[in-house]
Amino acid sequence: MAEKSFKYVILGGGVSAGYAAREFAKQGVKPGELAIISKEAVAPYERPALSKAYLFPEGTARLPGFHVCVGSGGERLLPEWYKEKGIELILSTEIVRADIASKTLLSATGLIFKYQILVIATGSTVLRLTDFGVEGADAKNIFYLREIDDADKLVEAIKAKKNGKAVVVGGGYIGLELSAALKINNIDVSMVYPEPWCMPRLFTADIAAFYEGYYANKGIKIIKGTVAVGFTTNADGEVNEVKLKDGRTLEADIVVVGVGGRPLISLFKGQVAENKGGIETDDFFKTSADDVYAVGDVATFPMKLYREMRRVEHVDHARKSAEQAVKTIMATEGGKTVTGYDYLPYFYSRAFDLSWQFYGDNVGDTVLFGDNDLASATHKFGTYWIKDGKVVGVFLESGTPEENKAIAKVARVQPSVESLDVLKNEGLSFASKI
Ligand code: FDA
Ligand code: NAD
């Protein structure tokens with residue numbers, strides 16, 4: 001059996017892998033020392049593009065335009081970059097077995113990879129309706145979105161079903177971003193989700209009401225409080241109807257499902273400590289196993305700010321955790337130390353001409369501020385979260401770069417407030433003073 005050996009192996013070729021490679025290069029990794037093994041066929045890219053400009057009919061994003069690290073304002077790492085640096089990109093290669101004791105990875109085609117130090121960056125996979133036994137969920141034209149191949153299939157379907165009907169299942173990130181992208185492609189969109197409002201993991205009812213109203217004005221039909229329980233197909237096996245639990249049926253040429261993800265950690269079951277569904281790490285992203293690090297979506301790490309172990313499924317953390325792990329690896333070899341990870345949660349989304357950012361923690365009381373009137377020309381509004389008399393989280397729609405910087409600072413500094421009324425009255429100017 002073919003065997004290859006590397007000093008460092010990054011398992012996974014997504015966002016974390018790309019940012020880790022850049023950091024390895026910055027720290028002087030030598031040609032031949034580092035390999036990235038990915039089941040995807042392309043070099044690491046900025047995954048957020050897939051649910052946004054990749055699907056737009058105009059101003060469409062295509063590779064090589066959004067390879068990492070362009071998303072953070074950095075240089076694009078094209079496949080040639082890896083060649084120049086002597087970093088081996090082992091693509092279209094799925095690892096099916098990992099043995100930490102012998103420091104060995106085995107691919108689906110029987111290749112063996114040996115490493116001295118492993119960085120696990122396998123990210124997440126989607127939850128599928130077939131996992132829940134939803135009848136007919138394996139019909140053609142039911143799509144999920146995680147990797148570029150998924151996005152390509154969806155683009156083909158959008159072209160084939162011109163001016164058709166889509167049902168979007170799920171009211172989270174994928175649900176909201178994909179509904180907008182489909183609508184921009186002139187598809188008639190209905191969204192279905194079980195909760196009383198969209199993005200319930202982050203949004204308050206007030207925040208959600210704005211986005212639901214905005215989407216409704218764009219002609220998107222929102223159906224809440226129910227789920228898809230079955231799909232019927234035409235003679236070609238293509239989905240043509242979605243059956244809802246409340247008895248209604250919706251016509252559909254395309255179905256997009258975004259009902260959450262799960263971190264890909266099964267290769268390491270029983271070999272590393274787990275926590276909260278992810279691989280447990282310290283604040284340097286070291287796992288319980290020697291010479292094994294875990295970064296990005298799979299890592300459950302100490303969030304110092306909240307004195308709690310947490311897992312984060314967002315791109316900012318994928319980038320920063322990868323850099324932290326590589327800095328640690330290289331400093332350790334040089335007999336140096338680095339400071340531990342001290343992360344401030346940062347999430348964002350964009351759809352239509354809307355764009356929001358959130359920093360901090362969404363716990364405690366909330367105060368809505370600004371102009372969330374759908375009829376207004378600007379949509380600058382937001383929400384503060386207040387716990388134990390301190391502002392711990394801030395959400396802002398349509399903020400300028402300076403305003404977004406200001407809300408990030410508030411979430412980091414956690415200023416005390418005398419009363420919720422102060423925040424209500426001062427609104428965004430409270431953040432700008434901190
Ligand atoms: P990521 O998923 O990026 O990479 C994992 C890699 O590992 C993939 O290449 C995969 O193929 C590979 N892999 C897995 N198992 C393997 C195996 N056994 N063998 C070989 N390779 C294997 N976040 C945000 O903050 N803002 C945003 O706008 C968006 N938008 C967005 C859109 C879409 C469509 C998705 C799916 C996700 C987002 N996100 C986001 C989330 C963000 O993209 C996500 O948190 C990061 O990509 C996580 O980076 P990782 O490197 O951990 O995993
Ligand atoms: P999510 O957790 O954001 O949303 C899942 C949603 O699924 C829930 O809000 C709920 O409305 C819905 N749901 C659950 N069960 C359902 C059912 N049976 N029928 C209908 N709806 C159901 O997950 P997602 O939107 O699928 O996103 C997947 C991953 O991609 C996450 O890790 C997310 O962070 C990431 N992502 C992030 C962004 C961003 O940060 N802007 C954008 C896209 C994707």
# chains A, B, ... in the order shown; residues from 1 in each chain; ligands from 1
$ select_by_dssp --residues "stretch 66-117 of chain A" --states "alpha helix (DSSP H)" --output "PyMOL selection string"
chain A and resi 79-85
$ residues_near_ligand --ligand "ligand 2" --cutoff "6 Å" --atoms "only C-alpha atoms and all ligand atoms" --output "list in words"
Val169, Gly170, Gly171, Gly172, Tyr173, Ile174, Gly175, Val192, Tyr193, Pro194, Glu195, Met199, Pro200, Val227, Ala228, Gly258, Val259, Gly260, Gly261, Glu313, His314, Phe347, Tyr348 and Ser349 of chain A
$ residues_around --residues "A:Asp316" --least-positions-apart "3" --cutoff "12 Å" --atoms "only C-alpha atoms" --output "list of chain:residue names"
A:Val15, A:Ser16, A:Tyr19, A:Glu46, A:Arg47, A:Pro48, A:Cys69, A:Gly71, A:Ser72, A:Val295, A:Gly296, A:Asp297, A:Val312, A:Glu313, A:Arg319, A:Lys320, A:Ser321, A:Ala322, A:Glu323, A:Tyr343, A:Leu344, A:Pro345, A:Tyr346, A:Phe347, A:Tyr348, A:Gln357, A:Phe358, A:Tyr359
$ closest_residue --among "A:Ile254, A:Val126, A:Ala21, A:Ala289" --to "ligand 1" --atoms "only C-alpha atoms and all ligand atoms"
A:Val126
$ residues_around --residues "stretch 157-166 of chain A" --least-positions-apart "6" --cutoff "6 Å" --atoms "only C-alpha atoms" --output "MDAnalysis selection string"
chainID A and resid 186:189 252:255
$ closest_residue --among "A:Phe285, A:Tyr144, A:Phe369, A:Phe210" --to "ligand 1" --atoms "only C-alpha atoms and all ligand atoms"
A:Tyr144
